[in-house]
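**Student:** Sending over a structure as structure tokens; questions will come in a sec.
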Amino acid sequence: MRFKLNGVEKEYVGPADGSLLRWLRDTEGVISAKDGCAPQASCGCCTVELGGKAVLSCATPMKLVEGKEIVTTEGLTKLAQEAFADAFARNGGAQCGFCIPGIVMRAWNLLKTKPEPSRDDVERGLNLHLCRCTGYKKILDSIDGAAKSLRDGKVPPVEPQSGKVGTRLRKYDIKDAVLGLRPYVADMKVPGMLYAAPRLSDHPRAKALKIDASAARAMPGVSRVILAEDVPGSRLQGSIIRDWPILVAAGETTGYVGDVLALVVADSRARAQQAADAVKIEYEILTPVLDVPSALDPGAPKLTPKGNILSVSKAKKGDADAALKECDFVHEAVYQTQWIEHAYMEPEAALALPENERLIVYTQSQGIYEDRRQLALILSLPEDKIDVVLVPNGGGFGGKEDMLAQSQAALAAHLLGRPVMVELTREQSILMHSKRHPLRMEYRLGCGKDGKLKALRARIYGDSGAYASVGMKVLERAAGHSTGGYCVPHVDVEATAVYTNNVPCGAMRGFGANQATFAMECAVDELCAMGGFDRWQFRWDNALTDGLTTSTGQILTGGVGVRATLEAVKERFQAAKYAGIACGIKNTGIGNGMPDYSEVEIAVLAADRVEIHHGWTEMGQGVDTMAVQTVCEETGLAAALLTVRTRTSDGTPSGMTTASRATSLVGNALIDACKAFKSDLKREGLAALVGRRYRGKWICDWTTKPGYDTHGKPIVTHYSYSYATQVAIVGDDGEVCELVAAHDAGRVMNPTLFEGQIEGSLHMGLGYAISEELVMQDGRPKSTKLRDCGVLRAKETPKLTVIAVEVPDPLGPYGAKGVGEIGLVPTAGAVANAFWAFDGKRRRTLPMKD
């Protein structure tokens with residue numbers, strides 16, 4: 001077959017049904033066409049132009065290419081490349097960036113026939129595309145901006161940017177990502193690289209009697225089949241409890257369908273996967289434990305040596321039972337939430353290579369220092385023999401905290417002494433990685449006839465699946481956020497995490513707070529109906545303020561912005577025909593007796609280059625940009641002089657990029673590092689400082705462990721919180737037509753990035769409320785197709801209105817609070833309450849599809 005690729009004549013010899021995407025990536029080295037779900041054709045990340053039409057290359061066989069021209073972002077005109085890169089950077093249309101090159105190609109194809117498209121034209125044009133980060137609105141703005149540049153024949157000049165805190169500094173290193181030229185892990189290639197693929201369990205609970213890899217070993221290109229006995233160190237991994245096996249051994253029992261029984265290494269990804277499929281397993285199939293009641297039944301099989309209860313977390317103050325008896329109005333109901341797939345556009349991948357007696361691991365993980373710690377245990381190596389390098393990832397949302405691809409790639413590379421890439425398929429990703437917890441929440445909430453809340457009694461049960469992950473912490477957070485943005489004097493809450501044979505559940509944006517808030521906000525609305533209370537005023541009267549306590553008994557001592565966010569939405573809520581309202585609170589930092597810490601380094605590499613080293617994961621949220629803006633604010637240096645690097649060999653440890661804490665911690669640590677740096681800078685000038693390094697750190701080590709006797713000292717569950725109020729507005733057709741979100745960021749470090757975080761959260765929160773669900777059936781996902789996860793597309797996303805509120809936090813850098821998760825904490829409650837305003841029907845189960 002003969003055809004053109006970006007104007008160059010090409011010839012293809014191979015199977016007629018071969019994938020265009022694989023040919024582009026594997027043969028031609030084109031990395032702008034991303035593999036987000038191949039061959040499912042669900043996400044649009046692989047979009048290219050073929051014969052003048054935009055096509056999904058993962059579903060396009062090579063036989064259709066004959067005589068045509070393929071165009072990727074690499075082949076766009078220089079003006080088109082500059083127009084799209086500038087518009088997306090200027091308007092904040094790219095966060096993680098993984099989906100954007102495909103969207104650029106779709107938009108380019110549309111603009112050739114409609115140079116001045118309507119908003120509706122663009123939304124309909126993006127119907128085959130998913131974005132998990134942005135909420136689409138800034139993507140639409142960006143396409144509009146690119147269209148104008150193309151019509152004008154020039155890109156508007158970039159005004160000088162100070163980069164200081166509060167400015168709309170363009171996202172760090174984003175232009176190449178817009179065009180797909182900034183490599184993600186799966187885009188990387190090194191000489192002699194091998195590929196590894198896992199053989200997964202066929203059953204959620206079964207004893208593996210025999211693992212027969214003989215057929216796989218005999219297949220062409222196979223280098224090795226790795227089994228459990230080949231692991232040199234610990235086979236169990238986990239950031240809190242090490243109970244998740246990297247490989248299940250013969251004679252052991254599988255915990256879920258994502259368990260790995262063999263890892264096959266070959267000279268191509270396709271051959272590795274084919275050989276993995278050829279590994280034969282003989283099982284004794286056992287009856288799986290598939291729900292919480294079954295797991296808690298006294299006769300249930302023990303899934304762990306300690307039984308089926310992972311943890312019990314409590315929040316208790318006062319006497320809830322006695323107070324409920326004194327209440328004039330008591331609402332009692334059961335609320336149920338669902339499993340949710342993270343659906344980040346970039347599936348898991350890792351590249352490991354031996355180099356100079358060390359193992360270098362390129363990862364998309366949310367915690368490189370935790371990766372290094374666990375890899376050292378698995379490989380039985382000193383930590384200083386492993387260097388984990390962060391490659392900014394294509395979305396995480398908590399789902400990339402657990403060890404998957406990185407442990408497999410590292411193990412294979414260590415055993416073979418060769419570079420090894422692991423790139424999971426979308427199906428494997430959905431089967432293997434942890435999900436958002438489904439929670440059953442039994443709420444009993446009471447108030448007096450004066451409209452003041454008095455007591456909450458709640459029992460919360462979470463299906464944590466086969467392994468611990470961070471399930472105990474999610475349920476701990478659900479208990480700690482069980483009263484939402486309100487002060488309830490008497491609280492008795494227990495939250496129990498339970499082992500089953502379902503897919504493990506762990507960290508996901510909101511981390512238990514959004515589940516609990518859904519229950520609390522619905523219960524508050526029902527109390528309002530019972531007592532005839534005004535829904536806005538009831539929330540104002542009961543809102544947390546300085547000096548009041550959360551469900552854990554923590555006295556809030558500054559920066560409490562619930563009422564400020566309520567004020568910001570009051571007029572919109574009261575003016576709407578059908579509206580629901582909900583407040584939210586979300587911790588910044590993990591707290592609960594665990595330290596929050598960050599170390600950083602500022603390295604002056606040249607008279608025109610200063611590099612920031614930190615340990616946090618850039619996954620679209622903008623932590624690298626926050627780091628740059630902090631240094632610009634402190635020193636007055638131009639942002640163009642600053643670069644950012646994240647790798648363990650720099651010795652700048654931090655914890656997991658979780659709990660909305662990265663901006664807060666890296667900001668405070670960099671402020672510390674800049675004290676000496678800016679003093680020297682002022683005295684000597686930048687050129688004189690070349691070769692010097694300035695270190696800084698910040699730590700919060702004073703939070704209170706749950707259940708710990710403080711001996712009369714104040715309880716401090718978390719060092720900081722963020723606050724929000726959201727209003728969902730429903731039209732006459734019964735559909736959500738607008739979400740209004742007032743969010744207290746303490747200090748908005750970058751308005752563009754702040755808006756993008758909240759808009760993306762609203763999109764995710766609305767999907768959580770009305771459409772998203774990973775349906776589990778007999779211990780396995782009913783579907784492993786991305787399109788069946790219910791993620792909303794551009795035309796399904798309503799108007800999003802973001803209102804910035806700034807009530808400074810006493811401990812945050814410049815008063816800043818975390819905003820990465822709070823954006824979806826109140827959304828489901830606001831939507832449920834809006835639907836009730838429309839049709840009078842209470843909805844207590846997510847998703848609300850009726």
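We name chains A, B, ... following the order of the structure tokens; residues begin at 1 in each chain, and ligands are numbered from 1 as shown.
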List as a PyMOL selection string the protein and nucleic acid residues near A:Lys799, meaning an atom at most 10 Å away when only C-alpha atoms are counted, but skip any in the same chain fewer than 4 places from it.
**Tutor:** chain A and resi 135+137+729+736-740+759
**Student:** If you count only C-alpha atoms, which residues fall within 10 Å of A:Met508, apart from same-chain ones fewer than 5 positions away, as a VMD selection string?
**Tutor:** chain A and resid 340 to 342 396 to 401 434 to 437 474 658 to 659 821
**Student:** As a PyMOL selection string, please: the residues near stretch 119-123 of chain A (cut-off 10 Å, only C-alpha atoms, same-chain neighbours under 6 positions excluded).
**Tutor:** chain A and resi 106-107+110-111+129+136-137+139-141+143-144+793-797
**Student:** Report, in Å with one decimal, the straight-line distance from atom CA of A:Tyr721 to atom CA of A:Asp624.
**Tutor:**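 Between atom CA of A:Tyr721 and atom CA of A:Asp624 the gap is 21.7 Å.
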**Student:** Find the residues around A:Glu599 up to 9 Å (only C-alpha atoms counted), leave out those fewer than 5 positions away in its own chain, and share them as a ChimeraX atom specification.
**Tutor:** /A:613-615,651-654,665-666,669-670,695-699
**Student:** Could you tell me, as a ChimeraX atom specification, which residues of stretch 335-538 of chain A DSSP assigns to helix (DSSP H, G or I) when given the backbone?
**Tutor:** /A:368-379,383-385,405-416,426-432,471-480,513-531,535-538
**Student:** Can you pull out the residues contacting A:Ala54? Cut-off 12 Å, using only C-alpha atoms, and skip same-chain residues under 5 positions away; I want them as a list in words.
**Tutor:**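 Listing them by chain and then by number gives Gly44, Cys45, Cys46, Thr47, Val48, Glu49, Thr60, Glu69, Ile70, Val71, Thr72, Gly102, Ile103, Val104, Met105, Arg106, Ala107, Trp108, Asn109, Leu110, Leu111, Lys112, Gly125, Leu126, Leu128 and His129 of chain A.
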**Student:** My list of candidates is A:Gln406, A:Ala516, A:Asp321, A:Leu605. Which is closest to A:Val491 when distances are computed with only C-alpha atoms?
**Tutor:**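 Of A:Gln406, A:Ala516, A:Asp321, A:Leu605, the one nearest A:Val491, counting only C-alpha atoms, is A:Asp321.
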**Student:** List as a list of chain:residue names the protein and nucleic acid residues near stretch 78-84 of chain A, meaning an atom at most 9 Å away when only C-alpha atoms are counted, but skip any in the same chain fewer than 5 places from it.
**Tutor:**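 Non-adjacent residues within range: A:Thr73, A:Ala89, A:Val104, A:Trp108, A:Ser142, A:Ile143, A:Gly145, A:Ala146, A:Ala147, A:Lys148, A:Ser149, A:Leu150, A:Gly153, A:Lys154, A:Val155, A:Pro156, A:Lys175, A:Val178, A:Leu179.
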